[in-house]
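**Student:** Quick one: this structure, given as structure tokens, is what I'll be asking you about.
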Amino acid sequence: MNKTGFWGDALRDGAILGVVMALSRVLESYLLVDLEFSLDRMSVIVFVEMIAATVAFVWLLHRFTKRRAMAAPMEEGFPYGSGLIYAFTISVLTGVIVGFASYLFIEVVGYQNYVEGYVGRIDQMGAMMPGSEVLIDDLVEAVESSPKPSIFDNILASVNNYIITGTILGLIIARMVRREPQIFNKE
């Protein structure tokens, strides 16, 4: 395996996974701030979407890492470390794309509109929990007083999330797709 092949595959697979997860993130953000959806309806849609996104992430990460393992020469095999590094790399690239998409969503919607929608959802949830007015008021105040996150804040937060998730899944997937070198070909 050459390094050019690694980076070409990683960039392609990271971009595909990133676009899928970015669409998921944008849908979740839209449902969170669009108050036209009732809280019940929004919760069901987000729950189903999160399950679908989780399944898609795990399946695509496994599929891409397995495809990379199968492309490795038989003489070299595909060691555990190679699988882990590959899963880690495409997870980082996915995080960059998702963070950028999240930033673009906030820019398109407008930060003030985003905050107002978020606060509206908090108020809806607070209405369902009697006795939590002080906690809800503190949360609303914290959200309203927080500064607009920069593009780097969004990307860094997203990359951090995908590094953790991708590494944990990568530990399992790398074990599943590893292949020992076949020094003596039996053909």
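If you're wondering about the labels, chains in the structure tokens are A, B, ... by order shown, residues count from 1 in each chain, ligands from 1 in order shown.
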Can you pull out the residues contacting region 42-50 of chain A? Cut-off 7 Å, using only C-alpha atoms, and skip same-chain residues under 5 positions away; I want them as a list in words.

**Tutor:**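 That gives Glu28, Leu31 and Phe37 of chain A.
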
**Student:** Write out as an mmCIF file with N, CA and C atoms, in the first residue's frame the residues lying within 12 Å of Tyr162 (chain A), counting only C-alpha atoms and excluding same-chain residues fewer than 2 positions away.

**Tutor:**
```
data_model
loop_
_atom_site.group_PDB
_atom_site.id
_atom_site.type_symbol
_atom_site.label_atom_id
_atom_site.label_comp_id
_atom_site.auth_asym_id
_atom_site.auth_seq_id
_atom_site.Cartn_x
_atom_site.Cartn_y
_atom_site.Cartn_z
ATOM 1 N N GLY A 14 -13.815 9.887 3.916
ATOM 2 C CA GLY A 14 -14.119 10.906 4.914
ATOM 3 C C GLY A 14 -15.123 11.922 4.385
ATOM 4 N N LEU A 17 -18.654 10.129 4.261
ATOM 5 C CA LEU A 17 -19.172 10.013 5.618
ATOM 6 C C LEU A 17 -19.492 11.393 6.194
ATOM 7 N N GLY A 18 -18.649 12.376 5.878
ATOM 8 C CA GLY A 18 -18.873 13.736 6.365
ATOM 9 C C GLY A 18 -20.148 14.354 5.825
ATOM 10 N N MET A 21 -23.158 12.664 7.587
ATOM 11 C CA MET A 21 -23.305 13.130 8.968
ATOM 12 C C MET A 21 -23.637 14.622 9.027
ATOM 13 N N ALA A 22 -23.161 15.405 8.060
ATOM 14 C CA ALA A 22 -23.490 16.833 8.026
ATOM 15 C C ALA A 22 -24.977 17.039 7.744
ATOM 16 N N THR A 54 -26.759 7.049 13.488
ATOM 17 C CA THR A 54 -25.811 6.190 14.200
ATOM 18 C C THR A 54 -25.541 4.914 13.421
ATOM 19 N N PHE A 57 -23.456 5.796 10.385
ATOM 20 C CA PHE A 57 -22.061 6.076 10.726
ATOM 21 C C PHE A 57 -21.287 4.785 10.971
ATOM 22 N N VAL A 58 -21.839 3.911 11.781
ATOM 23 C CA VAL A 58 -21.154 2.650 12.093
ATOM 24 C C VAL A 58 -20.997 1.805 10.832
ATOM 25 N N LEU A 61 -18.446 3.483 8.376
ATOM 26 C CA LEU A 61 -17.087 3.390 8.909
ATOM 27 C C LEU A 61 -16.553 1.969 8.756
ATOM 28 N N ALA A 87 -9.684 4.324 10.365
ATOM 29 C CA ALA A 87 -10.966 4.720 10.961
ATOM 30 C C ALA A 87 -10.830 6.078 11.653
ATOM 31 N N PHE A 88 -9.723 6.292 12.345
ATOM 32 C CA PHE A 88 -9.461 7.562 13.019
ATOM 33 C C PHE A 88 -9.385 8.703 12.006
ATOM 34 N N THR A 89 -8.649 8.490 10.924
ATOM 35 C CA THR A 89 -8.447 9.532 9.919
ATOM 36 C C THR A 89 -9.756 9.944 9.257
ATOM 37 N N ILE A 90 -10.553 8.969 8.846
ATOM 38 C CA ILE A 90 -11.814 9.360 8.193
ATOM 39 C C ILE A 90 -12.796 9.966 9.202
ATOM 40 N N SER A 91 -12.668 9.610 10.463
ATOM 41 C CA SER A 91 -13.515 10.234 11.489
ATOM 42 C C SER A 91 -13.142 11.699 11.689
ATOM 43 N N VAL A 92 -11.855 12.003 11.664
ATOM 44 C CA VAL A 92 -11.410 13.395 11.788
ATOM 45 C C VAL A 92 -11.913 14.208 10.598
ATOM 46 N N LEU A 93 -11.779 13.666 9.408
ATOM 47 C CA LEU A 93 -12.253 14.369 8.211
ATOM 48 C C LEU A 93 -13.767 14.569 8.256
ATOM 49 N N THR A 94 -14.476 13.586 8.768
ATOM 50 C CA THR A 94 -15.920 13.704 8.936
ATOM 51 C C THR A 94 -16.245 14.852 9.891
ATOM 52 N N GLY A 95 -15.511 14.943 10.986
ATOM 53 C CA GLY A 95 -15.728 16.011 11.953
ATOM 54 C C GLY A 95 -15.515 17.395 11.366
ATOM 55 N N VAL A 96 -14.523 17.529 10.496
ATOM 56 C CA VAL A 96 -14.271 18.828 9.856
ATOM 57 C C VAL A 96 -15.472 19.227 8.994
ATOM 58 N N ILE A 97 -15.978 18.296 8.206
ATOM 59 C CA ILE A 97 -17.110 18.598 7.321
ATOM 60 C C ILE A 97 -18.366 18.909 8.131
ATOM 61 N N VAL A 98 -18.628 18.129 9.171
ATOM 62 C CA VAL A 98 -19.813 18.364 9.997
ATOM 63 C C VAL A 98 -19.710 19.716 10.710
ATOM 64 N N GLY A 99 -18.548 20.052 11.224
ATOM 65 C CA GLY A 99 -18.364 21.349 11.881
ATOM 66 C C GLY A 99 -18.574 22.508 10.927
ATOM 67 N N ILE A 155 -15.848 23.697 14.150
ATOM 68 C CA ILE A 155 -15.053 22.588 13.596
ATOM 69 C C ILE A 155 -14.327 21.851 14.708
ATOM 70 N N LEU A 156 -13.733 22.580 15.646
ATOM 71 C CA LEU A 156 -13.004 21.936 16.738
ATOM 72 C C LEU A 156 -13.929 21.076 17.597
ATOM 73 N N ALA A 157 -15.116 21.578 17.907
ATOM 74 C CA ALA A 157 -16.069 20.800 18.710
ATOM 75 C C ALA A 157 -16.504 19.543 17.959
ATOM 76 N N SER A 158 -16.768 19.684 16.684
ATOM 77 C CA SER A 158 -17.208 18.544 15.889
ATOM 78 C C SER A 158 -16.089 17.519 15.729
ATOM 79 N N VAL A 159 -14.876 17.982 15.449
ATOM 80 C CA VAL A 159 -13.742 17.065 15.313
ATOM 81 C C VAL A 159 -13.516 16.323 16.620
ATOM 82 N N ASN A 160 -13.598 17.022 17.733
ATOM 83 C CA ASN A 160 -13.435 16.383 19.040
ATOM 84 C C ASN A 160 -14.455 15.262 19.227
ATOM 85 N N ILE A 164 -13.481 11.059 19.255
ATOM 86 C CA ILE A 164 -13.839 10.130 20.340
ATOM 87 C C ILE A 164 -14.666 8.977 19.799
ATOM 88 N N THR A 165 -15.722 9.298 19.068
ATOM 89 C CA THR A 165 -16.608 8.261 18.532
ATOM 90 C C THR A 165 -15.872 7.363 17.545
ATOM 91 N N GLY A 166 -15.128 7.966 16.627
ATOM 92 C CA GLY A 166 -14.415 7.192 15.616
ATOM 93 C C GLY A 166 -13.337 6.302 16.200
ATOM 94 N N THR A 167 -12.666 6.772 17.237
ATOM 95 C CA THR A 167 -11.623 5.958 17.860
ATOM 96 C C THR A 167 -12.229 4.767 18.595
ATOM 97 N N ILE A 168 -13.295 5.009 19.323
ATOM 98 C CA ILE A 168 -13.938 3.899 20.043
ATOM 99 C C ILE A 168 -14.442 2.851 19.053
ATOM 100 N N LEU A 169 -15.143 3.300 18.017
ATOM 101 C CA LEU A 169 -15.607 2.350 17.001
ATOM 102 C C LEU A 169 -14.440 1.741 16.233
ATOM 103 N N GLY A 170 -13.420 2.542 15.982
ATOM 104 C CA GLY A 170 -12.239 2.055 15.269
ATOM 105 C C GLY A 170 -11.536 0.930 16.007
#
```

**Student:** Which one of A:Ala10, A:Pro73, A:Leu32, A:Arg25 sits closest to Ile183 (chain A) if you count only C-alpha atoms?

**Tutor:** A:Pro73

**Student:** For Ile85 (chain A), which of A:Val119, A:Val143, A:Ile163, A:Ile16 is the closest residue, counting only C-alpha atoms?

**Tutor:**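 The answer is A:Ile163, which sits nearest to Ile85 (chain A).
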
**Student:** Name the closest residue to Ala53 (chain A) among the candidates A:Leu23, A:Val115, A:Ile122, A:Leu84; distances are taken between atoms, counting only C-alpha atoms.

**Tutor:**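 Closest candidate: A:Leu23.
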
**Student:** When you draw a straight line from CA of Lys148 (chain A) to CA of Val134 (chain A), how long is it in Å?

**Tutor:** 24.3 Å

**Student:** For Gln182 (chain A), which of A:Phe78, A:Tyr103, A:Tyr111, A:Tyr86 is the closest residue, counting only C-alpha atoms?

**Tutor:**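 When distances to Gln182 (chain A) are compared using only C-alpha atoms, the smallest one comes from A:Phe78.
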
**Student:** Return as a PyMOL selection string the full set of residues in chain A whose backbone-based DSSP assignment is helix (DSSP H, G or I).

**Tutor:** chain A and resi 3-33+39-71+80-109+111-127+133-145+151-177

**Student:** Nearest to Glu107 (chain A) among A:Ser82, A:Asn154, A:Ser145, A:Gln124, with distances taken over only C-alpha atoms: which residue is it?

**Tutor:**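 Counting only C-alpha atoms, the residue closest to Glu107 (chain A) is A:Asn154.
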
**Student:** I'd like the interatomic distance between CA of Ala56 (chain A) and CA of Ala174 (chain A), to a tenth of an Å.

**Tutor:** 17.5 Å

**Student:** Using Å and a single decimal, report how far CA of Arg121 (chain A) sits from CA of Arg41 (chain A).

**Tutor:**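 Separation between CA of Arg41 (chain A) and CA of Arg121 (chain A): 12.4 Å.
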
**Student:** With only C-alpha atoms as the atoms that count, which of A:Ala127, A:Asn113, A:Arg178, A:Val19 lies nearest to Arg67 (chain A)?

**Tutor:**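 Once distances to Arg67 (chain A) are computed over only C-alpha atoms, the minimum belongs to A:Arg178.
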